[in-house]
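Have a look at work_26.txt below; it lists compact mmCIF, C-alpha atoms.
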```txt
# COMPACT_ATOMS: atom_id res chain seq x y z
CA MET A 130 -13.07 -35.87 -6.93
CA ILE A 131 -9.37 -35.46 -7.67
CA ASP A 132 -8.38 -35.46 -11.35
CA ASN A 133 -5.71 -38.18 -11.72
CA PHE A 134 -5.27 -37.80 -15.47
CA LYS A 135 -3.14 -35.45 -17.55
CA LEU A 136 -3.65 -34.88 -21.29
CA GLU A 137 -0.43 -35.38 -23.24
CA ASN A 138 0.37 -35.31 -26.96
CA ASN A 139 2.76 -36.22 -29.78
CA LEU A 140 2.40 -32.88 -31.51
CA ARG A 141 6.07 -31.91 -31.57
CA LYS A 142 7.11 -35.32 -32.88
CA LEU A 143 4.43 -35.19 -35.60
CA ARG A 144 5.51 -31.72 -36.72
CA PHE A 145 9.06 -32.94 -37.23
CA GLU A 146 7.88 -36.06 -38.99
CA HIS A 147 5.79 -33.97 -41.40
CA GLY A 148 8.61 -32.03 -43.03
CA GLU A 149 9.70 -30.23 -39.85
CA ILE A 150 6.86 -27.73 -40.11
CA SER A 151 7.07 -24.86 -37.67
CA GLN A 152 4.61 -24.10 -34.88
CA GLN A 153 3.60 -21.02 -36.89
CA ASP A 154 2.80 -23.07 -40.00
CA LEU A 155 0.68 -25.49 -37.98
CA ALA A 156 -1.02 -22.56 -36.25
CA ASN A 157 -1.82 -20.98 -39.64
CA ALA A 158 -3.23 -24.26 -40.90
CA VAL A 159 -5.65 -24.78 -37.99
CA GLY A 160 -6.50 -21.09 -37.40
CA VAL A 161 -4.93 -20.40 -34.02
CA THR A 162 -1.94 -18.41 -32.77
CA ARG A 163 1.56 -19.88 -32.55
CA LEU A 164 1.41 -19.43 -28.77
CA THR A 165 -1.60 -21.73 -28.60
CA ILE A 166 0.27 -24.49 -30.43
CA HIS A 167 3.29 -23.98 -28.16
CA SER A 168 1.09 -24.16 -25.04
CA ILE A 169 -0.55 -27.39 -26.25
CA GLU A 170 2.85 -28.99 -26.95
CA ALA A 171 4.13 -27.90 -23.54
CA GLY A 172 1.07 -29.43 -21.88
CA LYS A 173 -0.01 -26.06 -20.47
CA PHE A 174 -3.25 -25.84 -22.43
CA ASN A 175 -5.80 -28.48 -23.42
CA PRO A 176 -7.33 -27.90 -26.86
CA SER A 177 -11.06 -27.99 -27.42
CA VAL A 178 -12.58 -30.95 -29.26
CA THR A 179 -12.86 -28.80 -32.41
CA LEU A 180 -9.21 -27.81 -32.35
CA ALA A 181 -8.07 -31.38 -31.58
CA LEU A 182 -10.09 -32.62 -34.56
CA LYS A 183 -8.63 -29.92 -36.83
CA ILE A 184 -5.08 -30.88 -35.78
CA ALA A 185 -5.84 -34.58 -36.33
CA ASP A 186 -7.30 -33.81 -39.76
CA PHE A 187 -4.20 -31.78 -40.69
CA PHE A 188 -1.87 -34.69 -39.84
CA LYS A 189 -4.30 -37.25 -41.35
CA LYS A 190 -4.41 -39.15 -38.07
CA SER A 191 -7.06 -39.95 -35.48
CA VAL A 192 -7.33 -37.77 -32.36
CA GLU A 193 -6.24 -40.71 -30.14
CA GLU A 194 -2.99 -41.06 -32.10
CA ILE A 195 -2.08 -37.47 -31.23
CA PHE A 196 -3.65 -36.89 -27.79
CA TYR A 197 -3.76 -39.38 -24.92
CA LEU A 198 -4.45 -39.47 -21.22
CA ASN A 199 -1.66 -40.25 -18.80
CA LYS A 200 -2.31 -41.14 -15.18
CA LYS A 201 -0.51 -38.70 -12.83
CA MET B 270 -8.83 -29.24 -46.89
CA TYR B 271 -6.61 -27.06 -44.73
CA GLU B 272 -3.72 -27.10 -47.23
CA ASN B 273 -5.79 -25.40 -49.99
CA ASN B 274 -7.13 -22.78 -47.59
CA THR B 275 -3.64 -22.15 -46.17
CA TYR B 276 -2.03 -21.65 -49.61
CA SER B 277 -4.71 -19.20 -50.79
CA VAL B 278 -4.37 -17.25 -47.51
CA MET B 279 -0.57 -17.28 -47.83
CA ASP B 280 -0.77 -15.95 -51.43
CA SER B 281 -2.98 -13.05 -50.36
CA PHE B 282 -0.64 -12.45 -47.41
CA SER B 283 2.35 -12.25 -49.72
CA GLY B 284 0.70 -9.53 -51.81
CA ARG B 285 -0.54 -7.63 -48.76
CA SER B 286 2.87 -7.96 -47.13
CA LYS B 287 4.62 -6.26 -50.09
CA MET B 288 2.14 -3.35 -50.00
CA GLN B 289 2.54 -2.99 -46.23
CA SER B 290 6.32 -3.10 -46.60
CA LYS B 291 6.26 -0.26 -49.17
CA LYS B 292 3.94 1.86 -46.98
CA PHE B 293 6.13 1.18 -43.94
CA MET B 294 9.35 2.18 -45.75
CA ILE B 295 7.81 5.50 -46.88
CA ILE B 296 6.69 6.36 -43.34
CA LYS B 297 10.05 5.27 -41.93
CA ASN B 298 11.99 7.52 -44.32
CA ILE B 299 9.71 10.50 -43.55
CA THR B 300 10.21 9.85 -39.82
CA ILE B 301 14.02 9.71 -40.20
CA LEU B 302 14.05 13.06 -42.01
CA LEU B 303 11.69 14.73 -39.53
CA SER B 304 13.55 13.30 -36.52
CA ILE B 305 16.82 14.92 -37.64
CA ILE B 306 15.10 18.28 -38.28
CA SER B 307 13.20 17.99 -34.96
CA PHE B 308 16.42 17.35 -33.04
CA LEU B 309 17.87 20.57 -34.48
CA CYS B 310 14.62 22.44 -33.79
CA LEU B 311 14.67 21.29 -30.15
CA ILE B 312 18.21 22.62 -29.71
CA MET B 313 17.19 25.92 -31.32
CA ASN B 314 14.08 26.15 -29.10
CA MET B 315 16.15 25.58 -25.97
CA VAL B 316 18.45 28.45 -27.02
CA PHE B 317 15.44 30.74 -27.44
CA TYR B 318 13.83 29.64 -24.17
CA GLU B 319 17.07 30.40 -22.30
CA LEU B 320 17.26 33.78 -24.08
CA ILE B 321 13.74 34.63 -22.87
CA ARG B 322 14.38 33.27 -19.36
CA LYS B 323 17.55 35.36 -18.95
CA ALA B 324 15.78 38.43 -20.33
CA ILE B 325 13.03 37.96 -17.71
CA ILE B 326 15.63 37.59 -14.90
CA THR B 327 17.58 40.72 -15.94
CA GLY B 328 14.38 42.58 -16.84
CA THR B 329 15.84 43.92 -20.08
CA GLY B 330 14.95 43.21 -23.70
CA VAL B 331 12.14 40.77 -22.89
CA GLU B 332 9.80 42.03 -25.61
CA ARG B 333 12.61 41.95 -28.21
CA SER B 334 13.45 38.35 -27.21
CA PHE B 335 9.83 37.27 -27.63
CA ILE B 336 9.58 38.97 -31.05
CA ASN B 337 12.85 37.42 -32.29
CA ALA B 338 11.90 33.95 -31.13
CA GLN B 339 8.24 33.65 -32.03
CA TYR B 340 8.45 32.74 -35.74
CA PHE B 341 11.25 30.21 -35.27
CA VAL B 342 9.56 28.58 -32.30
CA ALA B 343 6.23 28.44 -34.21
CA ALA B 344 7.93 26.73 -37.18
CA ALA B 345 9.67 24.33 -34.78
CA PHE B 346 6.29 23.44 -33.23
CA MET B 347 4.88 22.55 -36.64
CA ILE B 348 7.86 20.30 -37.37
CA LEU B 349 7.67 18.67 -33.94
CA PHE B 350 3.93 18.05 -34.43
CA LEU B 351 4.49 16.41 -37.84
CA PHE B 352 7.44 14.40 -36.51
CA HIS B 353 5.36 13.01 -33.65
CA LEU B 354 2.50 12.08 -36.01
CA ALA B 355 4.85 10.33 -38.44
CA ALA B 356 6.68 8.53 -35.63
CA ILE B 357 3.43 7.29 -34.02
CA ILE B 358 2.17 5.98 -37.37
CA MET B 359 5.53 4.28 -37.94
CA ILE B 360 5.43 2.62 -34.51
CA LEU B 361 1.86 1.35 -35.08
CA LEU B 362 2.74 0.00 -38.53
CA ASP B 363 5.86 -1.63 -37.06
CA LEU B 364 3.84 -3.35 -34.32
CA SER B 365 1.37 -4.82 -36.81
CA PHE B 366 3.86 -5.51 -39.63
CA PHE B 367 6.62 -7.26 -37.72
CA LYS B 368 4.08 -9.12 -35.54
CA LYS B 369 6.44 -9.35 -32.59
CA GLU B 370 5.76 -8.66 -28.93
CA SER B 371 8.30 -6.14 -27.65
CA ILE B 372 8.39 -4.28 -24.34
CA ILE B 373 10.93 -1.81 -25.78
CA LYS B 374 8.63 -0.86 -28.67
CA SER B 375 5.68 -0.68 -26.28
CA PHE B 376 7.66 1.71 -24.05
CA ILE B 377 8.60 3.84 -27.10
CA PHE B 378 4.92 4.00 -28.10
CA PHE B 379 4.01 5.13 -24.56
CA VAL B 380 6.68 7.88 -24.65
CA SER B 381 5.53 8.92 -28.16
CA ILE B 382 1.97 9.65 -27.01
CA ILE B 383 3.03 11.49 -23.84
CA SER B 384 5.61 13.53 -25.79
CA PHE B 385 2.98 14.32 -28.46
CA LEU B 386 0.53 15.57 -25.82
CA MET B 387 3.31 17.65 -24.25
CA VAL B 388 3.77 19.52 -27.58
CA PHE B 389 0.30 21.01 -26.95
CA GLY B 390 1.31 21.52 -23.33
CA ASP B 391 4.41 23.47 -24.46
CA PHE B 392 2.17 25.75 -26.50
CA ALA B 393 -0.02 26.47 -23.45
CA LEU B 394 3.04 26.95 -21.20
CA LEU B 395 4.59 29.50 -23.57
CA GLY B 396 1.25 31.34 -23.63
CA ASP B 397 1.26 31.48 -19.80
CA ILE B 398 4.91 32.63 -19.73
CA SER B 399 4.17 35.47 -22.18
CA LYS B 400 1.39 36.73 -19.85
CA GLU B 401 3.01 36.15 -16.43
CA TYR B 402 6.64 37.20 -16.94
CA ILE B 403 5.90 40.75 -15.69
CA PHE B 404 5.53 39.29 -12.16
CA GLY B 405 8.91 37.56 -12.28
CA LEU B 406 10.24 34.21 -13.44
CA PRO B 407 7.22 31.94 -13.97
CA ASP B 408 7.28 28.37 -12.62
CA GLU B 409 6.14 27.20 -16.05
CA PHE B 410 9.81 27.23 -17.16
CA ILE B 411 10.48 24.16 -15.00
CA VAL B 412 7.67 22.20 -16.67
CA LEU B 413 8.73 23.52 -20.09
CA TYR B 414 12.30 22.26 -19.64
CA VAL B 415 11.10 18.88 -18.38
CA SER B 416 8.90 18.67 -21.46
CA GLN B 417 11.86 19.49 -23.73
CA GLY B 418 13.81 16.72 -21.98
CA LEU B 419 11.00 14.31 -22.81
CA HIS B 420 11.01 15.41 -26.48
CA PHE B 421 14.80 14.87 -26.66
CA LEU B 422 14.37 11.42 -25.10
CA PHE B 423 11.70 10.58 -27.66
CA VAL B 424 13.88 11.63 -30.61
CA ILE B 425 16.71 9.43 -29.29
CA LEU B 426 14.30 6.51 -28.80
CA ILE B 427 13.08 6.89 -32.40
CA PHE B 428 16.69 6.74 -33.63
CA LEU B 429 17.08 3.56 -31.54
CA LEU B 430 13.88 2.08 -32.95
CA ILE B 431 14.93 2.83 -36.54
CA GLY B 432 18.25 1.15 -35.80
CA ILE B 433 16.40 -1.96 -34.53
CA ILE B 434 14.08 -1.94 -37.58
CA ASN B 435 16.99 -1.63 -40.03
CA LYS B 436 18.78 -4.51 -38.28
CA LYS B 437 15.73 -6.79 -38.57
CA ARG B 438 14.59 -5.56 -42.00
CA GLY B 439 15.33 -8.88 -43.67
CA LEU B 440 12.97 -10.69 -41.37
CA ALA B 441 10.03 -8.41 -42.06
CA GLY B 442 6.96 -10.05 -43.51
CA LYS B 443 8.80 -13.33 -44.24
CA GLU B 444 6.82 -15.36 -41.74
CA VAL B 445 3.13 -15.61 -42.62
CA VAL B 446 0.90 -15.21 -39.58
CA VAL B 447 -2.77 -15.94 -40.08
CA LYS B 448 -3.88 -15.34 -36.51
CA ASP B 449 -1.81 -12.70 -34.77
CA GLU B 450 -1.90 -11.60 -31.16
CA SER B 451 1.24 -9.44 -31.02
CA VAL B 452 -0.70 -6.14 -31.09
CA PHE B 453 -2.91 -7.37 -28.25
CA ILE B 454 0.12 -8.44 -26.18
CA ASN B 455 1.92 -5.16 -26.90
CA ALA B 456 -1.27 -3.40 -25.75
CA GLN B 457 -0.93 -5.22 -22.40
CA TYR B 458 2.71 -4.10 -22.12
CA ILE B 459 1.53 -0.53 -22.79
CA GLY B 460 -1.23 -0.99 -20.21
CA LEU B 461 1.35 -2.07 -17.62
CA ILE B 462 3.64 0.88 -18.45
CA SER B 463 0.68 3.31 -18.41
CA GLY B 464 -0.56 1.98 -15.09
CA ILE B 465 2.82 2.12 -13.35
CA SER B 466 3.58 5.59 -14.77
CA GLY B 467 0.16 6.82 -13.73
CA ILE B 468 0.61 5.56 -10.15
CA LEU B 469 4.10 7.12 -9.89
CA PHE B 470 2.80 10.43 -11.25
CA LEU B 471 -0.16 10.32 -8.82
CA ILE B 472 2.18 9.71 -5.86
CA SER B 473 4.45 12.59 -7.01
CA CYS B 474 1.46 14.94 -7.20
CA ILE B 475 0.31 13.94 -3.70
CA ILE B 476 3.80 14.51 -2.26
CA PHE B 477 4.79 17.73 -4.07
CA LEU B 478 1.54 19.59 -4.70
CA PRO B 479 -0.84 21.25 -2.22
CA LEU B 480 -4.27 19.60 -2.20
CA TRP B 481 -6.07 22.54 -3.83
CA ALA B 482 -3.59 22.59 -6.76
CA PHE B 483 -3.85 18.82 -7.14
CA GLN B 484 -7.64 19.00 -7.22
CA LYS B 485 -7.58 21.87 -9.74
CA GLY B 486 -5.26 20.03 -12.13
CA LEU B 487 -6.64 16.52 -11.57
CA GLY B 488 -7.26 15.97 -15.29
CA VAL B 489 -3.52 15.91 -15.93
CA VAL B 490 -3.23 12.77 -13.80
CA PHE B 491 -5.17 10.82 -16.45
CA LEU B 492 -2.64 11.61 -19.21
CA ALA B 493 -0.75 8.38 -18.61
CA ILE B 494 -3.78 6.24 -19.57
CA ILE B 495 -4.11 7.84 -23.01
CA PRO B 496 -1.45 5.64 -24.72
CA TYR B 497 -3.33 2.54 -23.50
CA ILE B 498 -6.65 3.86 -24.81
CA ILE B 499 -5.09 4.66 -28.20
CA ILE B 500 -3.51 1.23 -28.65
CA ILE B 501 -6.77 -0.49 -27.67
CA ILE B 502 -8.65 1.64 -30.24
CA TYR B 503 -6.00 0.68 -32.83
CA TRP B 504 -6.40 -3.00 -31.96
CA LEU B 505 -10.21 -2.69 -32.22
CA ALA B 506 -9.85 -0.94 -35.60
CA MET B 507 -7.69 -3.85 -36.83
CA LYS B 508 -10.16 -6.42 -35.50
CA SER B 509 -13.21 -4.63 -36.91
CA ARG B 510 -12.51 -6.36 -40.25
CA GLU B 511 -13.08 -9.76 -38.59
CA LYS B 512 -16.16 -11.36 -37.06
CA ILE B 513 -16.26 -11.00 -33.25
CA ARG B 514 -15.99 -14.77 -32.71
CA GLU B 515 -12.70 -14.70 -34.64
CA TRP B 516 -11.13 -11.95 -32.52
CA TYR B 517 -9.54 -14.46 -30.15
CA ASP B 518 -8.47 -18.04 -30.51
CA GLU B 519 -9.46 -20.43 -27.70
CA LYS B 520 -6.33 -20.00 -25.60
CA GLN B 521 -6.53 -16.20 -25.81
CA PHE B 522 -10.18 -16.41 -24.72
CA HIS B 523 -9.20 -18.75 -21.87
CA ASP B 524 -6.47 -16.30 -20.70
CA LEU B 525 -8.82 -13.33 -21.10
CA THR B 526 -11.53 -14.84 -18.88
CA ARG B 527 -9.00 -15.69 -16.16
CA ALA B 528 -7.49 -12.17 -16.29
CA ALA B 529 -10.98 -10.65 -16.19
CA LEU B 530 -11.82 -12.74 -13.09
CA ILE B 531 -8.68 -11.51 -11.33
CA ALA B 532 -9.53 -7.91 -12.31
CA LEU B 533 -13.07 -8.41 -10.93
CA VAL B 534 -11.75 -9.70 -7.58
CA PHE B 535 -9.35 -6.75 -7.41
CA SER B 536 -12.22 -4.28 -8.17
CA ILE B 537 -14.35 -5.69 -5.34
CA LEU B 538 -11.44 -5.61 -2.85
CA PHE B 539 -10.36 -2.09 -3.82
CA ASN B 540 -13.83 -0.61 -3.63
CA THR B 541 -14.46 -2.34 -0.29
CA ILE B 542 -11.29 -0.76 1.13
CA ILE B 543 -12.31 2.70 -0.18
CA PHE B 544 -15.78 2.27 1.32
CA ILE B 545 -14.36 1.31 4.74
CA LEU B 546 -11.83 4.18 4.69
CA ASP B 547 -14.55 6.65 3.74
CA ARG B 548 -16.66 5.51 6.70
CA THR B 549 -13.91 5.29 9.31
CA VAL B 550 -11.27 7.96 8.53
CA SER B 551 -12.16 11.51 9.65
CA ASN B 552 -10.32 13.49 6.94
CA THR B 553 -11.20 11.86 3.62
CA ASP B 554 -10.51 14.79 1.26
CA ILE B 555 -7.44 13.15 -0.28
CA ILE B 556 -9.27 9.83 -0.68
CA LYS B 557 -12.18 11.53 -2.43
CA ILE B 558 -9.76 13.07 -4.95
CA ILE B 559 -7.43 10.17 -5.70
CA TRP B 560 -9.65 7.08 -5.49
CA PHE B 561 -10.82 7.13 -9.11
CA PRO B 562 -7.45 7.62 -10.90
CA LEU B 563 -5.89 5.14 -8.46
CA TYR B 564 -8.62 2.59 -9.25
CA ILE B 565 -8.22 3.05 -13.03
CA TYR B 566 -4.44 2.59 -12.96
CA LEU B 567 -4.48 -0.36 -10.54
CA ALA B 568 -7.25 -2.07 -12.56
CA VAL B 569 -5.24 -1.68 -15.77
CA ILE B 570 -2.08 -2.99 -14.05
CA THR B 571 -4.02 -5.97 -12.65
CA PHE B 572 -5.63 -6.92 -15.95
CA SER B 573 -2.53 -6.35 -18.13
CA SER B 574 -0.12 -8.15 -15.79
CA SER B 575 -2.55 -11.10 -15.51
CA MET B 576 -2.87 -11.36 -19.30
CA LEU B 577 0.91 -11.20 -19.70
CA GLY B 578 1.42 -13.76 -16.96
CA PHE B 579 -0.99 -16.26 -18.51
CA ASN B 580 0.44 -15.58 -21.95
CA ARG B 581 4.02 -16.16 -20.75
CA SER B 582 3.77 -19.90 -21.09
CA GLY B 583 3.73 -19.46 -24.85
CA ALA B 584 6.33 -16.66 -24.98
CA LEU B 585 9.33 -18.87 -25.75
CA ARG B 586 10.27 -19.61 -29.33
CA GLU B 587 10.33 -23.28 -30.42
```
Now, as a test, write the supplied structure out as structure tokens.
Amino acid sequence: MIDNFKLENNLRKLRFEHGEISQQDLANAVGVTRLTIHSIEAGKFNPSVTLALKIADFFKKSVEEIFYLNKK
Amino acid sequence: MYENNTYSVMDSFSGRSKMQSKKFMIIKNITILLSIISFLCLIMNMVFYELIRKAIITGTGVERSFINAQYFVAAAFMILFLFHLAAIIMILLDLSFFKKESIIKSFIFFVSIISFLMVFGDFALLGDISKEYIFGLPDEFIVLYVSQGLHFLFVILIFLLIGIINKKRGLAGKEVVVKDESVFINAQYIGLISGISGILFLISCIIFLPLWAFQKGLGVVFLAIIPYIIIIIYWLAMKSREKIREWYDEKQFHDLTRAALIALVFSILFNTIIFILDRTVSNTDIIKIIWFPLYIYLAVITFSSSMLGFNRSGALRE
């Protein structure tokens, strides 16, 4: 079965809305490397459920407000 | 919840960062002093080596040359040894303190270990020269001069590194990094450099040395992997303070498993080729000698280049 969906996110926009925090600061807050945050923003890496929940908790938003599926 | 944890971590980082900065500055200043003295010692050693070499060629005053040189050369060896130790410690502290991936610093680390090992090699070479000179000009002089060239290169690279560090001093320790992977990435750069150097050295030995000499000195071929082993041990020593499940974040683990899969496929292909060659080629002496070092270096190149390739997607700054 071909996967027609791509996971996208508003992470970069949220970082700038929350006092322009850097990728490094967000990475420190959720316990991952800066490269992981960069890869998620660039759509090159899909976070695990745990990491997605940690990011949502940090921004005080639901997971669906940050991550969403887009049909290819 | 995360804000409180982050601030307490950042406070402890600030304190640790100041202590690391002080330690780093002390090592850096010691290295600067020893590098200047070492540079002068290397020049002095070259003068003495030429003195001895010319005395051997002319056949006159050889013993006097050895006697005149021995104490100065011995003192120079001590200084070179201490300089290499200080420089290696400085490079390792720099890699973990600045938390930046750098192929230049990885290359300097590689040269530092090889140059350090060659200091012991110089000692052995001079011992051989002192025993063999009666039969004419020993070939060890060629290796000795190449080794001195490497030591000179290393001193110059350390000056370059100190220049880079002084330029970026203001940035040191300012950015708090809770989860760092720069040492691991630098280890992959070192793995790539070690692997390529090892292959080139192996090819040179096959081309320029007779098979019996190559087989006798096969251990030397593995020198190039030592910097990679040392940096991996250093990384493990740093990680030993953490729980194993915290060694990697999820993306690092994802990249690691993919790189390991590629390395596994390579291992199977390589060993299959060696097996077929061993069964089909009549003269397999060279294959029997080189297969293991070739496998080690190609495996390291495969794994390190895969890790760097997968990591590359996150290499750009925001």
**Message:** One decimal, in Å: what's the spacing between atom CA of Ile166 of chain A and atom CA of Ser151 of chain A?
**Reply:**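 Separating atom CA of Ile166 of chain A from atom CA of Ser151 of chain A is a distance of 9.9 Å.
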**Asked** What is the atom CA of Leu492 of chain B-atom CA of Ile321 of chain B distance in Å, reported with one decimal?
**Response** 28.5 Å
**Request:** Find the residue from B:Ile513, B:Gly418, B:Glu370, B:Ile425 that sits nearest to chain A; use all atoms listed in the file when measuring.
**Result:** B:Glu370
**Request:** Find the residues of chain A in contact range of chain B, meaning any atom within 7 Å when counting all atoms listed in the file, and list them as a ChimeraX atom specification.
**Result:** /A:153,157-158,160-162,164-165,167-168,187
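Of note, atom CA of Phe145 of chain A and atom CA of Phe579 of chain B are spaced 27.0 Å apart.
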**Request:** Would you mind listing what lies within 9 Å of segment 135-140 of chain A as a ChimeraX atom specification, with all atoms listed in the file counted and same-chain residues fewer than 4 positions away left out?
**Result:** /A:144-145,166,169-172,175,184,194-201
**Request:** Name all residues at most 12 Å from Gln339 of chain B (count all atoms listed in the file; drop same-chain ones fewer than 3 positions away) and give them as a list in words.
**Result:**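 Residues near the query, excluding close chain neighbours: Met313, Asn314, Phe317, Tyr318, Ile321, Glu332, Arg333, Ser334, Phe335, Ile336, Val342, Ala343, Ala344, Ala345, Phe346, Phe392, Leu395, Gly396 and Ser399 of chain B.
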**Asked** Out of A:Val192, A:Gly148, A:Leu155, A:Arg163, which residue has the shortest atom-to-atom distance to Thr179 of chain A when counting only C-alpha atoms?
**Response**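 Using only C-alpha atoms, the shortest distance to Thr179 of chain A belongs to A:Val192.
The neighbours of Lys557 of chain B here are the residues that come within 12 Å of it, using all atoms listed in the file and leaving out any residue fewer than 5 positions away in the same chain; they are B:Leu480, B:Gln484, B:Leu487, B:Ile543, B:Phe544, B:Leu546, B:Asp547, B:Arg548, B:Val550, B:Asn552, B:Pro562, B:Leu563, B:Tyr564.
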